[in-house]
file my_file-v5.txt (compact mmCIF, C-alpha atoms)
# COMPACT_ATOMS: atom_id res chain seq x y z
CA MET E 174 74.43 3.33 -36.22
CA LEU E 175 75.34 6.71 -37.66
CA THR E 176 78.12 7.11 -40.17
CA GLU E 177 81.25 8.96 -39.09
CA LYS E 178 80.09 11.98 -41.11
CA GLN E 179 76.70 11.95 -39.38
CA LEU E 180 78.37 11.76 -35.96
CA GLN E 181 80.55 14.73 -36.90
CA ASN E 182 77.47 16.63 -38.04
CA PHE E 183 75.64 15.72 -34.83
CA ALA E 184 78.50 17.06 -32.70
CA GLU E 185 78.64 20.24 -34.77
CA LEU E 186 74.88 20.66 -34.41
CA ALA E 187 75.14 20.42 -30.62
CA VAL E 188 77.83 23.10 -30.53
CA ARG E 189 76.68 25.57 -33.18
CA VAL E 190 72.89 25.35 -33.02
CA GLY E 191 71.87 23.57 -29.81
CA ALA E 192 74.16 25.47 -27.46
CA ASN E 193 74.91 28.30 -29.91
CA MET E 194 78.45 28.49 -28.54
CA GLN E 195 80.22 31.77 -29.14
CA LYS E 196 83.87 32.11 -30.10
CA GLY E 197 86.07 32.48 -27.02
CA GLN E 198 83.51 30.88 -24.71
CA GLU E 199 84.32 28.07 -22.29
CA VAL E 200 82.30 24.89 -22.70
CA VAL E 201 81.11 22.35 -20.15
CA ILE E 202 80.17 18.89 -21.40
CA ARG E 203 78.15 16.79 -18.96
CA CYS E 204 78.27 13.14 -19.89
CA ASP E 205 78.13 9.60 -18.54
CA VAL E 206 81.34 7.65 -18.96
CA ASN E 207 79.62 5.25 -21.37
CA CYS E 208 79.35 8.06 -23.94
CA GLN E 209 82.92 9.30 -23.78
CA ASP E 210 83.61 8.91 -27.51
CA PHE E 211 80.77 11.23 -28.50
CA ALA E 212 81.72 13.64 -25.71
CA HIS E 213 85.27 13.81 -27.05
CA LEU E 214 83.88 14.45 -30.54
CA ILE E 215 81.82 17.38 -29.22
CA ALA E 216 84.89 18.73 -27.41
CA GLN E 217 86.90 18.64 -30.65
CA LYS E 218 84.11 20.40 -32.54
CA ALA E 219 83.88 23.05 -29.83
CA TYR E 220 87.55 23.87 -30.31
CA GLU E 221 87.17 23.89 -34.09
CA PHE E 222 84.53 26.58 -33.74
CA GLY E 223 86.47 28.74 -31.32
CA ALA E 224 85.99 27.45 -27.78
CA LYS E 225 88.46 28.89 -25.28
CA LYS E 226 88.48 25.78 -23.09
CA VAL E 227 86.42 22.60 -22.68
CA HIS E 228 85.57 21.17 -19.25
CA MET E 229 84.25 17.63 -18.87
CA GLU E 230 81.85 16.84 -16.04
CA TRP E 231 81.75 13.07 -16.02
CA ARG E 232 78.97 11.00 -14.52
CA ASP E 233 78.90 7.26 -13.85
CA GLU E 234 75.41 5.85 -13.50
CA LYS E 235 76.68 2.44 -12.41
CA LEU E 236 78.54 4.08 -9.52
CA ASP E 237 75.44 6.18 -8.81
CA ARG E 238 73.48 2.97 -8.36
CA ILE E 239 76.18 1.37 -6.20
CA ASN E 240 76.21 4.46 -3.97
CA MET E 241 72.44 4.54 -3.75
CA LEU E 242 72.31 0.89 -2.71
CA ASN E 243 75.13 1.01 -0.19
CA ALA E 244 75.70 4.50 1.23
CA THR E 245 73.61 5.82 4.13
CA LYS E 246 71.01 8.51 3.48
CA ASP E 247 73.13 11.08 5.33
CA ALA E 248 76.18 10.19 3.25
CA ILE E 249 74.34 10.21 -0.06
CA CYS E 250 72.72 13.58 0.73
CA ASP E 251 76.03 15.23 1.62
CA ILE E 252 76.72 17.20 -1.57
CA PRO E 253 80.42 18.16 -1.41
CA LYS E 254 81.33 21.82 -1.31
CA TYR E 255 83.72 21.45 -4.22
CA GLN E 256 80.76 20.49 -6.41
CA THR E 257 78.82 23.68 -5.68
CA GLU E 258 82.01 25.70 -6.11
CA LEU E 259 82.50 24.12 -9.52
CA TRP E 260 78.96 25.02 -10.58
CA ASN E 261 79.54 28.57 -9.37
CA TYR E 262 82.76 28.66 -11.38
CA PHE E 263 80.81 27.72 -14.51
CA ILE E 264 78.32 30.51 -13.79
CA ASP E 265 81.06 33.08 -13.15
CA ARG E 266 82.79 32.15 -16.41
CA LYS E 267 79.44 32.15 -18.22
CA CYS E 268 80.25 28.76 -19.68
CA CYS E 269 78.26 27.12 -22.43
CA LEU E 270 76.67 23.86 -21.26
CA ILE E 271 76.18 20.75 -23.41
CA SER E 272 74.59 17.74 -21.70
CA ILE E 273 74.58 14.29 -23.27
CA SER E 274 71.54 12.41 -22.04
CA ALA E 275 72.05 8.65 -22.17
CA GLU E 276 70.80 7.19 -18.92
CA ASP E 277 69.48 3.75 -18.08
CA PRO E 278 65.79 4.41 -17.26
CA ASN E 279 65.98 1.71 -14.57
CA LYS E 280 69.27 2.63 -12.98
CA TYR E 281 67.66 3.16 -9.57
CA LYS E 282 65.23 0.24 -9.82
CA GLY E 283 65.00 -1.52 -6.46
CA CYS E 284 66.69 1.30 -4.55
CA ASP E 285 65.25 2.81 -1.38
CA ALA E 286 62.63 5.33 -2.55
CA ASN E 287 62.98 7.50 0.57
CA LYS E 288 66.75 7.68 0.21
CA LEU E 289 66.45 8.49 -3.48
CA SER E 290 63.90 11.23 -2.80
CA ALA E 291 66.08 12.74 -0.07
CA TYR E 292 69.09 12.72 -2.39
CA GLN E 293 67.20 14.40 -5.21
CA ILE E 294 66.04 17.16 -2.86
CA ALA E 295 69.58 17.67 -1.51
CA PHE E 296 71.10 17.68 -4.99
CA GLN E 297 68.56 20.12 -6.44
CA THR E 298 68.92 22.42 -3.43
CA ALA E 299 72.70 22.46 -3.80
CA ARG E 300 72.56 23.26 -7.50
CA GLN E 301 69.70 25.78 -7.36
CA LEU E 302 71.86 28.73 -8.46
CA PHE E 303 73.21 26.72 -11.36
CA ARG E 304 69.70 25.62 -12.35
CA ASN E 305 68.51 29.23 -12.21
CA ALA E 306 71.37 30.23 -14.51
CA THR E 307 70.36 27.65 -17.11
CA MET E 308 66.59 27.99 -16.85
CA SER E 309 66.86 31.77 -17.23
CA ASN E 310 69.16 31.25 -20.22
CA TYR E 311 71.90 33.24 -18.49
CA LEU E 312 74.04 30.30 -19.56
CA ARG E 313 73.74 28.92 -23.08
CA TRP E 314 72.77 25.24 -22.85
CA THR E 315 71.47 22.30 -24.76
CA ILE E 316 70.77 18.59 -24.28
CA VAL E 317 71.43 15.91 -26.88
CA SER E 318 70.65 12.22 -26.59
CA VAL E 319 72.49 9.14 -27.73
CA PRO E 320 71.11 5.62 -27.37
CA THR E 321 72.22 3.15 -24.75
CA PRO E 322 71.39 -0.56 -24.80
CA GLU E 323 69.17 -0.17 -21.71
CA TRP E 324 67.20 2.75 -23.16
CA ALA E 325 66.91 1.12 -26.58
CA LYS E 326 65.48 -2.08 -25.07
CA GLN E 327 62.85 -0.02 -23.26
CA VAL E 328 61.71 1.46 -26.57
CA PHE E 329 62.11 -1.68 -28.69
CA PRO E 330 61.68 -4.54 -26.20
CA ASN E 331 61.06 -7.21 -28.84
CA ASP E 332 64.31 -6.62 -30.74
CA PRO E 333 67.82 -7.87 -29.97
CA VAL E 334 69.93 -5.22 -28.26
CA ASN E 335 72.04 -4.38 -31.32
CA VAL E 336 68.93 -4.01 -33.49
CA ALA E 337 67.21 -1.86 -30.86
CA VAL E 338 70.24 0.44 -30.61
CA ASP E 339 70.41 0.79 -34.40
CA LYS E 340 66.71 1.68 -34.50
CA MET E 341 67.27 4.34 -31.83
CA TRP E 342 70.13 5.82 -33.86
CA ASP E 343 67.89 5.85 -36.95
CA ALA E 344 65.18 7.67 -35.02
CA ILE E 345 67.65 10.22 -33.65
CA ALA E 346 69.06 10.76 -37.15
CA ARG E 347 65.61 11.61 -38.52
CA ILE E 348 64.62 13.83 -35.58
CA MET E 349 67.91 15.73 -35.62
CA ARG E 350 67.89 16.05 -39.43
CA LEU E 351 71.15 14.13 -39.66
CA ASP E 352 69.83 12.51 -42.83
CA THR E 353 70.11 15.86 -44.65
CA PRO E 354 73.27 17.09 -46.43
CA ASP E 355 73.73 19.97 -43.95
CA PRO E 356 71.91 19.40 -40.61
CA THR E 357 73.09 22.72 -39.18
CA ALA E 358 71.62 24.67 -42.11
CA ALA E 359 68.47 22.55 -41.98
CA TRP E 360 67.96 23.31 -38.31
CA ARG E 361 68.59 27.02 -38.73
CA LYS E 362 66.00 27.12 -41.50
CA HIS E 363 63.58 25.20 -39.26
CA ILE E 364 64.16 27.66 -36.41
CA GLU E 365 63.55 30.61 -38.74
CA THR E 366 60.26 29.01 -39.79
CA LEU E 367 59.19 28.53 -36.16
CA VAL E 368 60.08 32.12 -35.28
CA SER E 369 58.16 33.40 -38.30
CA ARG E 370 55.07 31.38 -37.40
CA ALA E 371 55.28 32.50 -33.76
CA LYS E 372 55.35 36.14 -34.87
CA PHE E 373 52.36 35.53 -37.12
CA LEU E 374 50.38 33.96 -34.27
CA THR E 375 51.15 36.85 -31.90
call {"tool": "encode", "arguments": {"input": "my_file-v5.txt", "output": "structure tokens"}}
result
Amino acid sequence: MLTEKQLQNFAELAVRVGANMQKGQEVVIRCDVNCQDFAHLIAQKAYEFGAKKVHMEWRDEKLDRINMLNATKDAICDIPKYQTELWNYFIDRKCCLISISAEDPNKYKGCDANKLSAYQIAFQTARQLFRNATMSNYLRWTIVSVPTPEWAKQVFPNDPVNVAVDKMWDAIARIMRLDTPDPTAAWRKHIETLVSRAKFLT
């Protein structure tokens, strides 16, 4: 598990380097309910560095699974209009997007494959404009990951859950340079190095 200081640094890294949030910008945090503490930490950091407003777009993968198992295909593929209007609102406000990726890799295991495929097509069709805005970098965006017990057990199947989760945190700490005194400065230096090498190669 990360120390409190490392968690603070991780949240700052997501805001200042990953998403490169600008002062006065609105921020959207997309997060499963099981990661609410880290999402709230990112929200606080966003305000500390000048966010105008923070929106939280909660997900609930357990409810997603319940819906997939029980709702009809027509019902599950009916993407509500308010959802597309919300995405359009984020585009219009040119919000900064921070997604926390922490899903159970097997959350749809045993679900109807045809229903799942139909839902994914419907969902992606409904959010095409929003996807275009992120993939074109019209909106600033980033994705950060935090370990979940389900994900950790997939990576370290032979360890007890708590040990597997700790190992995942250790791996994330190394990858994200959270084991350095100033991860934000370390990442900016790393980015400068990559840009310099890219220029040399071209």
call {"tool": "residues_around", "arguments": {"input": "my_file-v5.txt", "residues": "Glu199 in chain E", "least_positions_apart": "6", "cutoff": "7 Å", "atoms": "all atoms listed in the file", "output": "ChimeraX atom specification"}}
result
/E:224-227,268-269
call {"tool": "atom_distance", "arguments": {"input": "my_file-v5.txt", "atom1": "CA of Ala325 in chain E", "atom2": "CA of Asn287 in chain E"}}
result
28.2 Å
call {"tool": "closest_residue", "arguments": {"input": "my_file-v5.txt", "among": "E:Leu374, E:Ile202, E:Ile239, E:Ala295", "to": "Pro253 in chain E", "atoms": "all atoms listed in the file"}}
result
E:Ala295
call {"tool": "closest_residue", "arguments": {"input": "my_file-v5.txt", "among": "E:Lys326, E:Arg203, E:His228, E:Lys288", "to": "Met241 in chain E", "atoms": "only C-alpha atoms"}}
result
E:Lys288
call {"tool": "closest_residue", "arguments": {"input": "my_file-v5.txt", "among": "E:Lys282, E:Pro320, E:Ile348, E:Gln301", "to": "Val336 in chain E", "atoms": "only C-alpha atoms"}}
result
E:Pro320
call {"tool": "atom_distance", "arguments": {"input": "my_file-v5.txt", "atom1": "CA of Asp205 in chain E", "atom2": "CA of Thr353 in chain E"}}
result
28.0 Å
call {"tool": "residues_near_point", "arguments": {"input": "my_file-v5.txt", "point": "(83.0, 17.6, -30.1)", "cutoff": "9 Å", "atoms": "only C-alpha atoms", "output": "ChimeraX atom specification"}}
result
/E:181,183-185,187-188,211-221
call {"tool": "closest_residue", "arguments": {"input": "my_file-v5.txt", "among": "E:Asp285, E:Glu276, E:Glu365, E:Asp343", "to": "Pro322 in chain E", "atoms": "all atoms listed in the file"}}
result
E:Glu276
call {"tool": "closest_residue", "arguments": {"input": "my_file-v5.txt", "among": "E:Thr307, E:Thr375, E:Thr176, E:Thr315", "to": "Lys267 in chain E", "atoms": "all atoms listed in the file"}}
result
E:Thr307
call {"tool": "closest_residue", "arguments": {"input": "my_file-v5.txt", "among": "E:Leu236, E:Leu312, E:Ile273, E:Ala286", "to": "Gln209 in chain E", "atoms": "all atoms listed in the file"}}
result
E:Ile273
call {"tool": "atom_distance", "arguments": {"input": "my_file-v5.txt", "atom1": "CA of Pro333 in chain E", "atom2": "CA of Asp210 in chain E"}}
result
23.2 Å
call {"tool": "residues_around", "arguments": {"input": "my_file-v5.txt", "residues": "Tyr281 in chain E", "least_positions_apart": "2", "cutoff": "10 Å", "atoms": "all atoms listed in the file", "output": "list of chain:residue names"}}
result
E:Glu234, E:Lys235, E:Asp237, E:Arg238, E:Ile239, E:Met241, E:Leu242, E:Asp277, E:Pro278, E:Asn279, E:Gly283, E:Cys284, E:Asp285, E:Ala286, E:Leu289
call {"tool": "residues_near_point", "arguments": {"input": "my_file-v5.txt", "point": "(70.0, 22.2, -29.5)", "cutoff": "8 Å", "atoms": "all atoms listed in the file", "output": "number ranges by chain"}}
result
E: 186-188, 190-193, 314-317
call {"tool": "residues_around", "arguments": {"input": "my_file-v5.txt", "residues": "Val328 in chain E", "least_positions_apart": "2", "cutoff": "10 Å", "atoms": "all atoms listed in the file", "output": "NGL selection string"}}
result
:E and (323-326 or 330-332 or 337-338 or 340-341)
